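The structure under discussion appears below in the form of structure tokens.
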Amino acid sequence: MDPARIAIIVGMGLVTFLIRVVPQLFFAGRSFPEAFERYLRYLSYALIASIVSTSLFLAGPRFEAAAAPNRAFALAVAVLVASWTGRPLLGMLFGALLAQILPWLSATW
Amino acid sequence: MIFSFRSVKRNVMISSSPFREGVKAAVPIWIAYISTSFTLGIAAKAYGLHMGEIVLMSALVFAAPAQFAALEPLASGKPALQIFLVTFLINLRFLVMSAAIAPYFVGIKRPALLLSSHLISISTFILPYVHFQKQASEVAKAEKMEDRGKGNFHYFLGLAVTSFSVWVIGTGVGYWAALHVPSGFEEGLKFMLPGYFACILTSELRGKSALLITMVSFFAAVPAALLNTDWGWLVAALAIGSFGWGMEQWIRRGSR
């Protein structure tokens, strides 16, 4: 195991623990404005969408142009299946299957 | 002696019942956690992390979106500050949840409260919170607040401790499974976690603003990351989230 990574993981744990613990010490029972809660929700949506995008289409600092169309198609299908069925797991499995099969198909044809 | 044994037995029975209820209520969370933690373990292997690293992360962070966000930056050696900032921003929602659930644990000693706060996640917050609210409106006022606080706390522990265990073990099992996948399946494995989060996000989105913010962030992230590898996508996501929220606030005020 890489000691630098371990240190970062421990740091992540501390950051998260502080966020969880501080309200128990100082803000117990306090309700936050609805607009603030909505702001936090929007921030996490924006962050997660950005991470989905960069995880799928970038390899370090490089845009994976050759793989991007297949992955984008697989993602679109996954999201559609998840929306229709209401089952995120099923959507992901469809998408992963497509992401795996599409490069084989395009190489064969 | 008999008296003390009986009182201990009675206390255990009183306190173990809400705990058991919590365990029963946790079953749907376990099912959801098994698939997510398993996928997280598989993705960690695909990104080249060590099994001990991802299991440790699951135990210390216990927050799927933040863990997912850290995989790529950890694997590619991005600055620690960036990882901490993303972890902080994504997990900031726990602040509101932790504050909201705290009043239901009246009479619980502070060390126990502080330790148990580590078990608060979106799922382990929502179920007990709804349960406590429902219970508060049903239970007679005659019941002592401290007794109710203890019962609530044991219910939360039953639900959260088992869910946490499933999360940590599931991550390890997912990683172990990925070790046995033959080479040639990298594309499918790499897709799994971002694909899963995209699907979960889709089912969570409510309202036009949330949808718009998510879509714009998704499309802006890659160009922003190409402009600045370390901070580009993060700054873009913060700007889009803040701007979208600000616009919505402005429109709401205008329509009043």
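We label chains A, B, ... in the order they appear in the structure tokens, count residues from 1 in each chain, and number ligands from 1 in the order shown.
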
Could the residues of chain A within 6 Å of chain B, counting only C-alpha atoms, be given as an MDAnalysis selection string, please? chainID A and resid 9 12:13 17 19:21 23:24 27:29 42:47 49:50 52:54 61 79 82 88 92 96 99:100

Select from range 24-96 of chain A everything DSSP, run on the backbone, classes as strand (DSSP E), then give the selection as a list in words.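 Here is the list: Leu58, Ala59, Arg62 and Phe63 of chain A.
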
Could you list, as a PyMOL selection string, every residue within 10 Å of Asn70 in chain A, counting only C-alpha atoms and ignoring same-chain residues fewer than 4 positions away? (chain A and resi 65-66+74-76+98-103+106) or (chain B and resi 187)

Those in chain A with alpha helix (DSSP H) from DSSP, as a PyMOL selection string: chain A and resi 3-22+34-57+68-85+88-108

Can you pull out the residues contacting range 16-24 of chain B? Cut-off 12 Å, using only C-alpha atoms, and skip same-chain residues under 4 positions away; I want them as a PyMOL selection string. chain B and resi 8-12+28-30+124-125+127-129+131-132+147-166

Those residues you just picked out, can you put them in a file as an mmCIF file, in the first residue's frame with N, CA and C atoms?
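Once written, part.cif looks like this:
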data_model
loop_
_atom_site.group_PDB
_atom_site.id
_atom_site.type_symbol
_atom_site.label_atom_id
_atom_site.label_comp_id
_atom_site.auth_asym_id
_atom_site.auth_seq_id
_atom_site.Cartn_x
_atom_site.Cartn_y
_atom_site.Cartn_z
ATOM 1 N N VAL B 8 -30.772 -6.271 34.837
ATOM 2 C CA VAL B 8 -29.896 -6.230 33.650
ATOM 3 C C VAL B 8 -30.627 -6.833 32.458
ATOM 4 N N LYS B 9 -31.284 -8.014 32.732
ATOM 5 C CA LYS B 9 -31.996 -8.708 31.657
ATOM 6 C C LYS B 9 -33.094 -7.796 31.078
ATOM 7 N N ARG B 10 -33.800 -7.110 32.012
ATOM 8 C CA ARG B 10 -34.885 -6.232 31.559
ATOM 9 C C ARG B 10 -34.320 -5.090 30.698
ATOM 10 N N ASN B 11 -33.182 -4.520 31.178
ATOM 11 C CA ASN B 11 -32.573 -3.422 30.421
ATOM 12 C C ASN B 11 -32.149 -3.866 29.034
ATOM 13 N N VAL B 12 -31.561 -5.079 28.987
ATOM 14 C CA VAL B 12 -31.100 -5.585 27.691
ATOM 15 C C VAL B 12 -32.284 -5.785 26.765
ATOM 16 N N PRO B 28 -33.439 -3.228 3.264
ATOM 17 C CA PRO B 28 -33.371 -2.597 1.935
ATOM 18 C C PRO B 28 -32.065 -1.825 1.721
ATOM 19 N N ILE B 29 -31.536 -1.249 2.808
ATOM 20 C CA ILE B 29 -30.257 -0.516 2.675
ATOM 21 C C ILE B 29 -29.135 -1.498 2.347
ATOM 22 N N TRP B 30 -29.138 -2.666 2.996
ATOM 23 C CA TRP B 30 -28.097 -3.659 2.706
ATOM 24 C C TRP B 30 -28.122 -4.015 1.216
ATOM 25 N N THR B 124 -28.662 5.857 5.897
ATOM 26 C CA THR B 124 -28.798 5.599 7.334
ATOM 27 C C THR B 124 -29.365 6.813 8.067
ATOM 28 N N PHE B 125 -29.513 7.924 7.367
ATOM 29 C CA PHE B 125 -30.191 9.086 7.959
ATOM 30 C C PHE B 125 -31.691 9.042 7.646
ATOM 31 N N LEU B 127 -34.008 6.750 6.677
ATOM 32 C CA LEU B 127 -34.921 5.767 7.299
ATOM 33 C C LEU B 127 -35.176 6.039 8.784
ATOM 34 N N PRO B 128 -34.108 6.190 9.604
ATOM 35 C CA PRO B 128 -34.392 6.475 11.024
ATOM 36 C C PRO B 128 -35.103 7.807 11.221
ATOM 37 N N TYR B 129 -34.743 8.803 10.444
ATOM 38 C CA TYR B 129 -35.339 10.138 10.619
ATOM 39 C C TYR B 129 -36.859 10.084 10.399
ATOM 40 N N HIS B 131 -38.688 7.392 10.579
ATOM 41 C CA HIS B 131 -39.213 6.531 11.647
ATOM 42 C C HIS B 131 -39.408 7.336 12.944
ATOM 43 N N PHE B 132 -38.410 8.156 13.313
ATOM 44 C CA PHE B 132 -38.493 8.934 14.557
ATOM 45 C C PHE B 132 -39.610 9.978 14.477
ATOM 46 N N ASP B 147 -35.974 7.979 27.738
ATOM 47 C CA ASP B 147 -36.229 6.603 27.293
ATOM 48 C C ASP B 147 -36.387 6.558 25.782
ATOM 49 N N ARG B 148 -37.125 7.557 25.295
ATOM 50 C CA ARG B 148 -37.335 7.604 23.853
ATOM 51 C C ARG B 148 -35.997 7.830 23.125
ATOM 52 N N GLY B 149 -35.167 8.695 23.710
ATOM 53 C CA GLY B 149 -33.839 8.964 23.130
ATOM 54 C C GLY B 149 -33.012 7.705 23.053
ATOM 55 N N LYS B 150 -33.052 6.889 24.133
ATOM 56 C CA LYS B 150 -32.277 5.629 24.148
ATOM 57 C C LYS B 150 -32.805 4.664 23.094
ATOM 58 N N GLY B 151 -34.129 4.543 23.034
ATOM 59 C CA GLY B 151 -34.751 3.643 22.055
ATOM 60 C C GLY B 151 -34.379 4.065 20.638
ATOM 61 N N ASN B 152 -34.467 5.350 20.380
ATOM 62 C CA ASN B 152 -34.111 5.863 19.049
ATOM 63 C C ASN B 152 -32.655 5.564 18.716
ATOM 64 N N PHE B 153 -31.812 5.755 19.721
ATOM 65 C CA PHE B 153 -30.375 5.563 19.498
ATOM 66 C C PHE B 153 -30.090 4.091 19.176
ATOM 67 N N HIS B 154 -30.735 3.182 19.903
ATOM 68 C CA HIS B 154 -30.512 1.758 19.636
ATOM 69 C C HIS B 154 -31.067 1.350 18.268
ATOM 70 N N TYR B 155 -32.186 1.962 17.907
ATOM 71 C CA TYR B 155 -32.755 1.698 16.576
ATOM 72 C C TYR B 155 -31.754 2.136 15.503
ATOM 73 N N PHE B 156 -31.209 3.356 15.703
ATOM 74 C CA PHE B 156 -30.236 3.887 14.736
ATOM 75 C C PHE B 156 -29.009 2.978 14.657
ATOM 76 N N LEU B 157 -28.530 2.530 15.835
ATOM 77 C CA LEU B 157 -27.339 1.658 15.839
ATOM 78 C C LEU B 157 -27.610 0.349 15.091
ATOM 79 N N GLY B 158 -28.763 -0.250 15.353
ATOM 80 C CA GLY B 158 -29.114 -1.510 14.681
ATOM 81 C C GLY B 158 -29.101 -1.354 13.177
ATOM 82 N N LEU B 159 -29.620 -0.222 12.723
ATOM 83 C CA LEU B 159 -29.698 0.024 11.283
ATOM 84 C C LEU B 159 -28.326 0.392 10.704
ATOM 85 N N ALA B 160 -27.635 1.305 11.407
ATOM 86 C CA ALA B 160 -26.416 1.879 10.831
ATOM 87 C C ALA B 160 -25.207 0.960 10.955
ATOM 88 N N VAL B 161 -25.068 0.273 12.100
ATOM 89 C CA VAL B 161 -23.883 -0.591 12.274
ATOM 90 C C VAL B 161 -23.898 -1.721 11.239
ATOM 91 N N THR B 162 -25.080 -2.321 11.042
ATOM 92 C CA THR B 162 -25.145 -3.436 10.080
ATOM 93 C C THR B 162 -24.942 -2.922 8.647
ATOM 94 N N SER B 163 -25.511 -1.745 8.345
ATOM 95 C CA SER B 163 -25.347 -1.189 7.003
ATOM 96 C C SER B 163 -23.875 -0.852 6.746
ATOM 97 N N PHE B 164 -23.238 -0.282 7.750
ATOM 98 C CA PHE B 164 -21.809 0.056 7.647
ATOM 99 C C PHE B 164 -20.983 -1.210 7.392
ATOM 100 N N SER B 165 -21.307 -2.278 8.123
ATOM 101 C CA SER B 165 -20.558 -3.536 7.955
ATOM 102 C C SER B 165 -20.735 -4.077 6.539
ATOM 103 N N VAL B 166 -21.983 -4.034 6.065
ATOM 104 C CA VAL B 166 -22.250 -4.511 4.699
ATOM 105 C C VAL B 166 -21.434 -3.689 3.697
#

One decimal, Å: what's the distance from CA of Ala68 in chain A over to CA of Ile51 in chain A, could you say? 15.1 Å

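Neighbouring residues of Phe38 in chain B at 8 Å or closer, counting only C-alpha atoms and skipping chain neighbours under 2 positions away, are Tyr33, Ile34, Ser35, Thr36, Leu40, Gly41, Ile42, Gly170, Thr171, Gly172, Val173, Gly174 and Tyr175 of chain B.
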
Please compute the CA of Lys134 in chain B-CA of Pro33 in chain A distance, one decimal, in Å.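 According to the coordinates, CA of Lys134 in chain B and CA of Pro33 in chain A are separated by 22.3 Å.
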